[in-house]
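Engineer: See work29.tsv below, with TSV, C-alpha atoms.
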chain	number	residue	atom	x	y	z
A	1	MET	CA	-31.09	-38.93	51.01
A	2	ARG	CA	-28.50	-39.91	53.61
A	3	ALA	CA	-27.17	-36.35	53.80
A	4	ARG	CA	-30.66	-35.02	54.52
A	5	ILE	CA	-31.11	-37.48	57.39
A	6	TYR	CA	-27.74	-36.50	58.84
A	7	ASP	CA	-28.72	-32.83	58.54
A	8	MET	CA	-31.97	-33.39	60.42
A	9	VAL	CA	-30.30	-35.46	63.16
A	10	GLY	CA	-27.48	-32.92	63.55
A	11	LEU	CA	-29.93	-30.03	63.75
A	12	GLY	CA	-32.00	-31.99	66.26
A	13	PHE	CA	-28.95	-32.48	68.46
A	14	ILE	CA	-27.99	-28.81	68.25
A	15	LEU	CA	-31.51	-27.64	69.06
A	16	GLY	CA	-31.93	-30.32	71.71
A	17	SER	CA	-28.87	-29.06	73.54
A	18	GLY	CA	-30.88	-25.91	74.27
A	19	TYR	CA	-32.82	-27.95	76.82
A	20	PHE	CA	-29.63	-28.81	78.67
A	21	PHE	CA	-28.48	-25.17	78.60
A	22	TYR	CA	-31.88	-24.13	79.98
A	23	ARG	CA	-31.66	-26.69	82.79
A	24	THR	CA	-28.12	-25.52	83.54
A	25	VAL	CA	-29.38	-21.99	84.10
A	26	GLU	CA	-32.14	-23.32	86.37
A	27	PHE	CA	-29.63	-25.29	88.44
A	28	LEU	CA	-27.28	-22.34	88.74
A	29	ALA	CA	-30.14	-20.05	89.76
A	30	GLY	CA	-31.00	-22.54	92.49
A	31	ALA	CA	-27.36	-22.53	93.70
A	32	ASP	CA	-26.89	-26.17	92.70
A	33	TYR	CA	-23.47	-25.68	91.17
A	34	VAL	CA	-22.47	-29.31	90.72
A	35	ALA	CA	-25.64	-30.13	88.78
A	36	GLY	CA	-25.21	-26.91	86.78
A	37	LEU	CA	-21.67	-27.87	85.82
A	38	MET	CA	-22.75	-31.39	84.87
A	39	GLY	CA	-25.61	-30.02	82.75
A	40	LEU	CA	-23.22	-27.65	81.03
A	41	VAL	CA	-20.82	-30.48	80.19
A	42	VAL	CA	-23.65	-32.60	78.78
A	43	ALA	CA	-24.92	-29.64	76.73
A	44	LEU	CA	-21.47	-29.03	75.26
A	45	PHE	CA	-21.10	-32.71	74.34
A	46	VAL	CA	-24.52	-32.74	72.66
A	47	VAL	CA	-23.66	-29.59	70.66
A	48	ARG	CA	-20.36	-31.14	69.63
A	49	ALA	CA	-22.12	-34.33	68.48
A	50	GLY	CA	-24.59	-32.26	66.46
A	51	VAL	CA	-21.79	-30.34	64.77
A	52	ASP	CA	-19.92	-33.55	63.93
A	53	ILE	CA	-23.04	-35.14	62.44
A	54	SER	CA	-23.65	-32.00	60.39
A	55	ARG	CA	-20.07	-32.15	59.11
A	56	LEU	CA	-20.71	-35.75	58.09
A	57	ALA	CA	-23.77	-34.59	56.14
A	58	VAL	CA	-21.65	-32.06	54.26
A	59	ALA	CA	-19.03	-34.71	53.48
A	60	VAL	CA	-21.66	-37.14	52.21
A	61	ARG	CA	-23.24	-34.41	50.07
A	62	GLU	CA	-19.85	-33.47	48.54
A	63	GLU	CA	-19.00	-37.12	47.89
A	64	GLY	CA	-22.30	-37.62	46.07
A	65	SER	CA	-21.77	-34.60	43.83
A	66	ARG	CA	-18.53	-35.99	42.33
Take the structure in the file and give it back as structure tokens.

Structural biologist:
Amino acid sequence: MRARIYDMVGLGFILGSGYFFYRTVEFLAGADYVAGLMGLVVALFVVRAGVDISRLAVAVREEGSR
């Protein structure tokens, strides 16, 4: 059960980072380069958090199968 929750949260983070990437493109199109760079950094951190949570889900699932 715990692995499923981690999977859903990790996938939510990964999909949610799409919003930040979208906003980054909007900022860069508007020539607001500082905000675009900040949005890109936030998006990368959110993707990284989603990947780490998904890895945790895999580890929990493997531990439970032993």

Engineer: Which residue is closest to Phe27 of chain A? Choose from A:Gly10, A:Gly39, A:Gly50, A:Gly64 and count only C-alpha atoms.

Structural biologist: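 Once distances to Phe27 of chain A are computed over only C-alpha atoms, the minimum belongs to A:Gly39.
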
Engineer: Figure out the distance between atom CA of Phe45 of chain A and atom CA of Arg4 of chain A, please, to one decimal in Å.

Structural biologist: 22.1 Å

Engineer: Which neighbours of Gly12 of chain A fall inside 10 Å, counting all atoms listed in the file, when residues of the same chain fewer than 5 positions from it are skipped, and could you give them as a ChimeraX atom specification?

Structural biologist: /A:6-7,17,46-47,50

Engineer: Suppose you want the space between atom CA of Phe21 of chain A and atom CA of Tyr33 of chain A; what is it in Å?

Structural biologist: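 The value is 13.5 Å.
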
Engineer: Got a sec: who's within 12 Å of Arg55 of chain A, counting all atoms listed in the file, leaving out chain neighbours fewer than 3 positions off, as a PyMOL selection string?

Structural biologist: chain A and resi 3-4+6-7+9-11+48-52+58-62
